[in-house]
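Peer 1: The structure follows.
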Amino acid sequence: MFSIQASSLVLANPQWLWMASLLTAGGIAFLVWNYRNSQLALPWKSLAIALKTAAFVLLALALLEPVWVDEFPRNGANDLVVMADNSRGLTIEGQGDALQKALIHSTPDQLPPWLEKLNEMFRVQNYQFGRRLNRVDDFSNLDFTGDASSVLTSLKSLRTRYKKRPLAAMVIFTDGNATDTAALESTIATLRGSDEDKPIPVFPVLVGTELKDISDLAIREIEVSQSAFEDAPLTIAVQSDARGTFEQGVEIFAVDDNGKEVASEPIIFAGEEVIRTGATRLKIAGVRPGISFYKIGIRSLQADGVTPVKEVTAENNQRLVAVDRGRGPYRVLYVGGRPNWEYKFLRRSLSEDSEVELVALLRIAKREPKFEWRGRTGETGNPLFRGFGKDLPEETQSYDEPVLIRLNTKDEVELRDGFPRDAETLFANYRAIIFDDAESDFLSAEQQALVENFVSKRGGTLLMLGGQESFKSGGWDNTPVARVLPVYVDRLERGGPSRNATFNLSREGWLEPWMRLRDNQDEETGRLAYMPEFFSINRVPAIKPGASLLATITDSERRQLPAVVVQRYGEGRSGAVTVGDFWRWGMKDELLQKDLAKMWRQLIRWAVSETPGRLTQEIQHVTEGTLPLTQIHARVRNLEFLPQDDASVRFELLSPGKEEPDTITGEPSLEEAGTFTADHFVEAEGGYRLKTIARDGEGKLISELETGWAFNPAAEEFKSLDPNRALLENIASTTGGKVMTLDQIDELASRLKELNVPVMDSRQRPFWHAPWVFFLALLCMVGEWGIRRWKGVI
């Protein structure tokens, strides 16, 4: 059995072309000369010459021996890939039953007629795919239990696998709802081929039709955002789809990993479309530090005595999300030029946050000239330092040094010599630094440069609070610290001191959750109006380009000045709070005192939330391939926050359903120093917990870090219920194939016969042996003679 694919005319004796051309030209010249005096009218004369010329041309072709060459596919010499989708998505509305009927004969050990025809023409290679691609003898094992539909990855894999083999085409039976759409661009490039490698036609066979008159609710997208806003540190934005009518309403809900429902919100689906989209937000407070998992679901509300709405599937009604709140302690260094009320309220507020440790270095007396104290006999040091450094008397401060006290230090050595003088001490111990009412001379030039590197290179946060010796008043202009601050401190704003100043949020401030203390605009507006007036304002002239103005102060002269300003600087961040008497806020009443404490906690949480430690990690999920691949990258830094190569990293991964974690050893990266990587194939649905442990070359613990993620294959598989014809049309048009339906598969064999396949057979038929050629030449001669006979010129 064969079919002619294409015919072409070739010359068996092309070397005689010159002779044939010469004879033809001579014959035509002779005809023209012979007819020059003919009495025939010009039209009849031209027709007679044309007929005779055609006869000469046909006879001249006999010298060249023209041959018809017919090409057709060689039976059994070319491969044909037939792929069937075995994913759970085809269980909707009997789509899987229709596919089984098309691929499986009712009689065992027999093939459907259309597939039998293809087996006569090609070497048919059968595959079925869900998450994995499997070679099968037939399709009798189709059970539609796959938790994914790797359409693109499977096509790309087979195209690569058969690159060196005579592959005629690929036929894929699917609904087009691929769960590996991230691989679309690379798959199209592979299927399109190159200059040396022509594209292989793909014939998608669309399974299923657009569903009508059904009811279904589905979660389409979930976005998790975290903030330092205490009342709702976790916000989950949910986009959902609805089909059909749900008269009692629909709501989104969240359940924590203890099975307790922690939030719910109604969702409205507007419009008249078949698929209506709605969105809502869940705000969850009281999220514990570390990794938590929340199940986000959608449900229709039911009234007593009303029959529940039956959905097509419940597989797309929920998703699992992972929330990483981080785990402290986050250590913050407070440097104060004098004891003040601001530090009192700041310390009191942070005592309620178990994840933040505030370490303080306070100056209780400035450097003074030496004078005689009525102290103990033989005492040479300043009695104010009695008890500090008693084991090292030679380091006891003398009379002409400032008097510093340390609060909440982890041991007797921390900050013993004052503000850190080296990167190892400063970078490794603190996530943020706060300067409050301390002049620039408090630090040496080297220490100020160290602070700049703390922000720009280490990725820490610097906050400067208002006071009489902060900003320009403290001589911070033209210093490395001034470069870090988000405001200019080279001059003071003109005019007198600001009095009776009121605090207000700017446009950007309203958008920052950690700047707000209430969860709605009306209550926040009322709170701001109830705040007291302030009298100690550092009047900075302007904010720097790229900085964000979050709050302003308006004084009695109606001057509007920056109050809270932040910016990114290098790898870290900086902030400026120009109000020097925020403590007044907490003196009015108990409610405002709680608001002040909440403001400080949220500000400090912002300062430390994105500040990296010595160990950081990054999780990347790769959907290309037969199995989802999770790539783990851990970066280890030394005490100076430079890459540390002599470390070892171990990953402990606890998968769903397991009681003990799997241990994975991190491999040093060849591309980035101090980076260790590991790959893990994810199969089970649910939440994954990862613990990363880093040790130095001596085996000492550097740091431990926990994170996690959620794997929702069912949610992706049932994300869309209607077939995705557009994707299949894209694949077919790129490769030269055609989208078909199950009703058209009997036409598949005839379409494949027309392909220009790699291995072809040919058959030659001499042109001159065709009877019609001889009769055509004879007819031309007889026609020319008939014209002359008819017109009586013979």
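Ordering of the structure tokens sets the chain letters (A, B, ...); residue numbers start at 1 within each chain; ligands are numbered from 1 in the order shown.
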Find the spatial neighbours of A:Trp585, counting only C-alpha atoms, within a cut-off of 7 Å - ignore same-chain residues fewer than 6 positions away - and output them as a list in words.
Peer 2: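 Returned residues: Met531, Pro532, Leu592, Gln593 and Leu596 of chain A.
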Peer 1: Go ahead and save the picked residues with C-alpha atoms, as a PDB file, in the first residue's frame.
Peer 2:
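Okay, this is what ended up in again.pdb:
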```pdb
ATOM      1  CA  MET A 531      -2.196  62.442  67.850  1.00  0.00           C
ATOM      2  CA  PRO A 532      -0.563  65.188  69.963  1.00  0.00           C
ATOM      3  CA  LEU A 592      -1.917  56.447  72.385  1.00  0.00           C
ATOM      4  CA  GLN A 593       0.794  54.800  74.445  1.00  0.00           C
ATOM      5  CA  LEU A 596       3.356  54.498  70.015  1.00  0.00           C
TER       6      LEU A 596
END
```
Peer 1: Extract the full set of helix (DSSP H, G or I) residues from stretch 77-317 of chain A according to DSSP on the backbone, and format it as an MDAnalysis selection string.
Peer 2: chainID A and resid 88:103 113:121 151:161 181:192
Peer 1: Just to be explicit: take each residue in the selection above, keep C-alpha atoms, and write the result as a compact mmCIF listing (two decimals), in the first residue's frame.
Peer 2:
```
# COMPACT_ATOMS: atom_id res chain seq x y z
CA ARG A 88 -6.77 13.69 35.80
CA GLY A 89 -8.10 16.72 33.96
CA LEU A 90 -9.65 14.44 31.33
CA THR A 91 -12.04 12.94 33.87
CA ILE A 92 -14.26 16.01 33.49
CA GLU A 93 -17.58 15.37 31.74
CA GLY A 94 -16.57 12.05 30.20
CA GLN A 95 -13.66 13.36 28.14
CA GLY A 96 -11.50 10.42 29.18
CA ASP A 97 -14.18 7.91 28.07
CA ALA A 98 -14.26 9.45 24.60
CA LEU A 99 -10.47 9.25 24.36
CA GLN A 100 -10.41 5.61 25.44
CA LYS A 101 -13.05 4.78 22.85
CA ALA A 102 -10.90 6.37 20.14
CA LEU A 103 -7.64 4.67 21.17
CA PRO A 113 -9.16 0.97 12.16
CA TRP A 114 -7.49 4.38 11.91
CA LEU A 115 -4.54 3.21 13.98
CA GLU A 116 -4.31 0.00 11.96
CA LYS A 117 -3.88 2.06 8.79
CA LEU A 118 -1.10 4.06 10.40
CA ASN A 119 0.67 0.87 11.47
CA GLU A 120 0.71 -0.27 7.84
CA MET A 121 2.41 2.95 6.77
CA VAL A 151 2.19 18.51 27.08
CA LEU A 152 5.08 20.78 26.14
CA THR A 153 7.81 18.93 28.00
CA SER A 154 6.73 15.62 26.45
CA LEU A 155 6.74 17.03 22.93
CA LYS A 156 10.15 18.59 23.45
CA SER A 157 11.56 15.39 24.94
CA LEU A 158 10.34 13.19 22.09
CA ARG A 159 11.51 15.63 19.44
CA THR A 160 14.98 15.49 20.96
CA ARG A 161 14.86 11.72 21.43
CA THR A 181 3.45 26.37 30.18
CA ALA A 182 6.78 27.75 31.42
CA ALA A 183 8.39 25.52 28.78
CA LEU A 184 6.35 26.98 25.90
CA GLU A 185 9.09 29.16 24.42
CA SER A 186 11.81 26.51 24.54
CA THR A 187 9.44 23.82 23.22
CA ILE A 188 8.37 25.94 20.26
CA ALA A 189 12.02 26.63 19.45
CA THR A 190 12.81 22.89 19.56
CA LEU A 191 9.80 21.93 17.43
CA ARG A 192 10.55 24.67 14.89
```
Peer 1: Neighbours of A:Pro329 within 12 Å (only C-alpha atoms; same-chain residues fewer than 6 positions away dropped), as a list in words?
Peer 2: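 Returned residues: Pro289, Gly290, Leu350, Asp353, Ser354, Glu355, Val356, Glu357, Leu358, Val359, Lys410, Asn429, Tyr430, Arg431, Arg605, Val608, Ser609 and Gly613 of chain A.
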Peer 1: Could the residues in this selection be saved with N, CA and C atoms as a PDB file, in the first residue's frame?
Peer 2:
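For reference, again.pdb as written:
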```pdb
ATOM      1  N   PRO A 289       6.259  32.801  64.277  1.00  0.00           N
ATOM      2  CA  PRO A 289       7.535  32.835  63.549  1.00  0.00           C
ATOM      3  C   PRO A 289       7.837  31.485  62.913  1.00  0.00           C
ATOM      4  N   GLY A 290       8.617  31.519  61.842  1.00  0.00           N
ATOM      5  CA  GLY A 290       8.995  30.288  61.158  1.00  0.00           C
ATOM      6  C   GLY A 290       8.059  29.963  60.011  1.00  0.00           C
ATOM      7  N   LEU A 350       9.624  47.140  72.328  1.00  0.00           N
ATOM      8  CA  LEU A 350      10.276  45.958  71.761  1.00  0.00           C
ATOM      9  C   LEU A 350      10.334  44.801  72.748  1.00  0.00           C
ATOM     10  N   ASP A 353       8.126  42.047  71.681  1.00  0.00           N
ATOM     11  CA  ASP A 353       8.454  41.314  70.456  1.00  0.00           C
ATOM     12  C   ASP A 353       9.582  40.344  70.772  1.00  0.00           C
ATOM     13  N   SER A 354       9.246  39.063  70.836  1.00  0.00           N
ATOM     14  CA  SER A 354      10.232  38.060  71.223  1.00  0.00           C
ATOM     15  C   SER A 354      11.284  37.816  70.155  1.00  0.00           C
ATOM     16  N   GLU A 355      11.065  38.315  68.952  1.00  0.00           N
ATOM     17  CA  GLU A 355      11.994  38.055  67.854  1.00  0.00           C
ATOM     18  C   GLU A 355      13.036  39.152  67.684  1.00  0.00           C
ATOM     19  N   VAL A 356      12.908  40.260  68.414  1.00  0.00           N
ATOM     20  CA  VAL A 356      13.835  41.392  68.281  1.00  0.00           C
ATOM     21  C   VAL A 356      14.538  41.624  69.609  1.00  0.00           C
ATOM     22  N   GLU A 357      15.862  41.761  69.552  1.00  0.00           N
ATOM     23  CA  GLU A 357      16.663  42.100  70.728  1.00  0.00           C
ATOM     24  C   GLU A 357      17.283  43.478  70.514  1.00  0.00           C
ATOM     25  N   LEU A 358      17.013  44.380  71.433  1.00  0.00           N
ATOM     26  CA  LEU A 358      17.564  45.738  71.350  1.00  0.00           C
ATOM     27  C   LEU A 358      18.767  45.834  72.279  1.00  0.00           C
ATOM     28  N   VAL A 359      19.937  46.011  71.685  1.00  0.00           N
ATOM     29  CA  VAL A 359      21.184  46.186  72.428  1.00  0.00           C
ATOM     30  C   VAL A 359      21.528  47.671  72.404  1.00  0.00           C
ATOM     31  N   LYS A 410      24.866  40.457  75.181  1.00  0.00           N
ATOM     32  CA  LYS A 410      24.799  39.006  75.324  1.00  0.00           C
ATOM     33  C   LYS A 410      25.860  38.470  76.280  1.00  0.00           C
ATOM     34  N   ASN A 429      26.951  40.653  64.230  1.00  0.00           N
ATOM     35  CA  ASN A 429      26.139  40.691  65.454  1.00  0.00           C
ATOM     36  C   ASN A 429      24.840  41.466  65.330  1.00  0.00           C
ATOM     37  N   TYR A 430      24.708  42.346  64.308  1.00  0.00           N
ATOM     38  CA  TYR A 430      23.546  43.220  64.273  1.00  0.00           C
ATOM     39  C   TYR A 430      22.930  43.255  62.879  1.00  0.00           C
ATOM     40  N   ARG A 431      21.607  43.401  62.857  1.00  0.00           N
ATOM     41  CA  ARG A 431      20.866  43.543  61.600  1.00  0.00           C
ATOM     42  C   ARG A 431      20.569  45.013  61.284  1.00  0.00           C
ATOM     43  N   ARG A 605      10.574  46.233  62.867  1.00  0.00           N
ATOM     44  CA  ARG A 605      10.335  45.039  62.053  1.00  0.00           C
ATOM     45  C   ARG A 605      10.657  45.323  60.579  1.00  0.00           C
ATOM     46  N   VAL A 608      14.487  45.198  60.055  1.00  0.00           N
ATOM     47  CA  VAL A 608      15.213  43.920  60.113  1.00  0.00           C
ATOM     48  C   VAL A 608      14.611  42.851  59.200  1.00  0.00           C
ATOM     49  N   SER A 609      13.430  43.101  58.617  1.00  0.00           N
ATOM     50  CA  SER A 609      12.717  42.029  57.918  1.00  0.00           C
ATOM     51  C   SER A 609      13.458  41.512  56.691  1.00  0.00           C
ATOM     52  N   GLY A 613      21.177  37.385  57.006  1.00  0.00           N
ATOM     53  CA  GLY A 613      22.149  36.885  57.968  1.00  0.00           C
ATOM     54  C   GLY A 613      23.333  36.279  57.236  1.00  0.00           C
TER      55      GLY A 613
END
```
Peer 1: Report as a Markdown table: every residue of stretch 97-179 of chain A with an atom at most 8 Å from stretch 204-207 of chain A, its closest pair of atoms, and their distance in Å to one decimal, counting only C-alpha atoms, with rows sorted by chain and ascending residue number.
Peer 2:
```
| residue | atom | partner | partner_atom | distance |
| --- | --- | --- | --- | --- |
| A:Ala98 | CA | A:Val207 | CA | 7.9 |
| A:Leu99 | CA | A:Val207 | CA | 6.9 |
| A:Val171 | CA | A:Pro204 | CA | 5.8 |
| A:Ile172 | CA | A:Pro204 | CA | 4.8 |
| A:Phe173 | CA | A:Val205 | CA | 4.7 |
| A:Thr174 | CA | A:Val207 | CA | 5.4 |
| A:Asp175 | CA | A:Val207 | CA | 4.8 |
| A:Gly176 | CA | A:Leu206 | CA | 7.2 |
```
Peer 1: May I have all residues of stretch 176-357 of chain A that DSSP, computed from the backbone, assigns to strand (DSSP E or B), given as a PyMOL selection string?
Peer 2: chain A and resi 202-206+216-226+234-243+250-255+261-267+276-284+291-300+318-324+330-336+356-357
Peer 1: Tell me, in Å to one decimal, how far atom CA of A:Thr53 is from atom CA of A:Pro771.
Peer 2: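 Atom CA of A:Pro771 lies at a distance of 19.4 Å from atom CA of A:Thr53.
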Peer 1: Using only C-alpha atoms, which residues sit within 10 Å of A:Ile543 once same-chain residues fewer than 3 positions away are excluded, as a list in words?
Peer 2: Leu485, Pro486, Val487, Tyr488, Val489, Val540, Gly546, Ala547, Ser548, Leu549, Leu561, Pro562, Val565, Val566, Gln567 and Ala576 of chain A
Peer 1: Pull N, CA and C atoms from the residues just selected and write them as a CSV table (one decimal), in the first residue's frame.
Peer 2:
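File produced: selection_20.csv:
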```csv
chain,number,residue,atom,x,y,z
A,485,LEU,N,22.1,58.3,54.5
A,485,LEU,CA,20.8,58.8,54.9
A,485,LEU,C,20.0,59.2,53.7
A,486,PRO,N,18.6,59.1,53.8
A,486,PRO,CA,17.8,59.4,52.7
A,486,PRO,C,17.4,60.9,52.6
A,487,VAL,N,18.0,61.7,53.5
A,487,VAL,CA,17.7,63.2,53.5
A,487,VAL,C,19.0,63.9,53.4
A,488,TYR,N,19.0,65.1,52.9
A,488,TYR,CA,20.2,66.0,52.9
A,488,TYR,C,20.3,66.6,54.2
A,489,VAL,N,21.6,66.7,54.7
A,489,VAL,CA,21.9,67.2,56.0
A,489,VAL,C,22.9,68.3,55.9
A,540,VAL,N,15.1,69.2,58.0
A,540,VAL,CA,16.0,68.8,56.9
A,540,VAL,C,15.4,69.5,55.7
A,546,GLY,N,15.1,59.2,44.7
A,546,GLY,CA,14.9,57.8,44.9
A,546,GLY,C,14.4,57.5,46.3
A,547,ALA,N,14.5,58.4,47.2
A,547,ALA,CA,14.0,58.2,48.6
A,547,ALA,C,12.4,58.2,48.6
A,548,SER,N,11.8,57.6,49.6
A,548,SER,CA,10.4,57.6,49.7
A,548,SER,C,10.0,58.4,50.9
A,549,LEU,N,9.2,59.4,50.7
A,549,LEU,CA,8.6,60.2,51.8
A,549,LEU,C,7.4,59.6,52.3
A,561,LEU,N,7.3,69.6,56.4
A,561,LEU,CA,8.6,69.1,56.5
A,561,LEU,C,8.6,67.6,56.5
A,562,PRO,N,9.7,67.0,56.0
A,562,PRO,CA,9.8,65.5,56.0
A,562,PRO,C,9.8,65.0,57.5
A,565,VAL,N,11.4,59.2,56.3
A,565,VAL,CA,11.9,59.0,55.0
A,565,VAL,C,12.7,57.8,54.9
A,566,VAL,N,12.6,57.0,53.9
A,566,VAL,CA,13.4,55.8,53.8
A,566,VAL,C,13.9,55.7,52.3
A,567,GLN,N,14.9,54.8,52.2
A,567,GLN,CA,15.5,54.6,50.8
A,567,GLN,C,16.3,53.3,50.8
A,576,ALA,N,15.1,57.8,58.1
A,576,ALA,CA,15.3,59.1,58.9
A,576,ALA,C,14.0,59.4,59.5
```
Peer 1: Name the closest residue to A:Gly526 among the candidates A:Pro233, A:Asn504, A:Trp514, A:Ile553; distances are taken between atoms, counting only C-alpha atoms.
Peer 2: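 Counting only C-alpha atoms, the residue closest to A:Gly526 is A:Asn504.
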Peer 1: Using only C-alpha atoms, determine which residues lie at most 10 Å from stretch 649-657 of chain A, disregarding the query and same-chain residues fewer than 3 positions distant; provide the list as a PDB file with C-alpha atoms, in the first residue's frame.
Peer 2:
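Result file around.pdb:
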```pdb
ATOM      1  CA  LEU A 615      23.305  32.163  55.810  1.00  0.00           C
ATOM      2  CA  ILE A 632      18.157  24.851  46.492  1.00  0.00           C
ATOM      3  CA  ALA A 634      22.482  28.389  50.044  1.00  0.00           C
ATOM      4  CA  ARG A 635      24.916  31.283  50.365  1.00  0.00           C
ATOM      5  CA  VAL A 636      27.334  31.360  53.284  1.00  0.00           C
ATOM      6  CA  GLU A 660      11.915  11.815  59.209  1.00  0.00           C
ATOM      7  CA  PRO A 661      13.610  14.304  56.894  1.00  0.00           C
ATOM      8  CA  ASP A 662      15.830  13.361  53.970  1.00  0.00           C
ATOM      9  CA  THR A 663      19.404  14.600  54.299  1.00  0.00           C
ATOM     10  CA  ILE A 664      20.982  16.218  51.237  1.00  0.00           C
ATOM     11  CA  THR A 665      24.580  17.422  51.125  1.00  0.00           C
ATOM     12  CA  GLY A 666      25.096  20.789  49.468  1.00  0.00           C
ATOM     13  CA  GLU A 667      27.579  20.828  46.610  1.00  0.00           C
ATOM     14  CA  PRO A 668      29.862  23.878  46.197  1.00  0.00           C
ATOM     15  CA  THR A 675      27.272  29.119  47.320  1.00  0.00           C
ATOM     16  CA  PHE A 676      26.140  25.541  47.843  1.00  0.00           C
ATOM     17  CA  THR A 677      23.440  23.862  45.763  1.00  0.00           C
ATOM     18  CA  ALA A 678      21.269  20.786  45.772  1.00  0.00           C
ATOM     19  CA  HIS A 680      15.390  17.553  44.669  1.00  0.00           C
ATOM     20  CA  VAL A 682       9.198  16.839  44.043  1.00  0.00           C
ATOM     21  CA  GLU A 683       6.445  14.250  43.700  1.00  0.00           C
ATOM     22  CA  ALA A 684       4.099  14.234  46.692  1.00  0.00           C
ATOM     23  CA  GLU A 685       1.390  16.863  46.992  1.00  0.00           C
ATOM     24  CA  GLY A 686       1.502  19.024  50.117  1.00  0.00           C
ATOM     25  CA  GLY A 687       3.872  21.168  52.156  1.00  0.00           C
ATOM     26  CA  TYR A 688       7.660  20.774  52.278  1.00  0.00           C
ATOM     27  CA  ARG A 689       9.871  21.963  55.144  1.00  0.00           C
ATOM     28  CA  LEU A 690      13.561  22.613  54.549  1.00  0.00           C
ATOM     29  CA  LYS A 691      16.202  23.147  57.218  1.00  0.00           C
ATOM     30  CA  THR A 692      19.602  24.393  56.097  1.00  0.00           C
ATOM     31  CA  ILE A 693      22.593  23.924  58.411  1.00  0.00           C
ATOM     32  CA  ALA A 694      25.942  25.604  57.680  1.00  0.00           C
ATOM     33  CA  ARG A 695      29.212  24.896  59.507  1.00  0.00           C
ATOM     34  CA  ASP A 696      32.685  26.338  59.090  1.00  0.00           C
ATOM     35  CA  ILE A 702      27.543  29.158  61.481  1.00  0.00           C
ATOM     36  CA  SER A 703      23.786  29.333  61.234  1.00  0.00           C
ATOM     37  CA  GLU A 704      20.573  27.381  60.749  1.00  0.00           C
ATOM     38  CA  LEU A 705      17.730  28.489  58.532  1.00  0.00           C
ATOM     39  CA  GLU A 706      14.261  27.116  57.869  1.00  0.00           C
ATOM     40  CA  THR A 707      11.978  27.625  54.911  1.00  0.00           C
ATOM     41  CA  GLY A 708       9.261  25.776  53.072  1.00  0.00           C
ATOM     42  CA  ALA A 710       3.754  24.072  48.901  1.00  0.00           C
ATOM     43  CA  PHE A 711       3.220  21.769  45.920  1.00  0.00           C
TER      44      PHE A 711
END
```
Peer 1: Counting only C-alpha atoms, which of A:Lys738, A:Lys344, A:Lys588, A:Lys544 gets nearest to A:Leu362?
Peer 2: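 For A:Leu362, the nearest of the candidates is A:Lys344.
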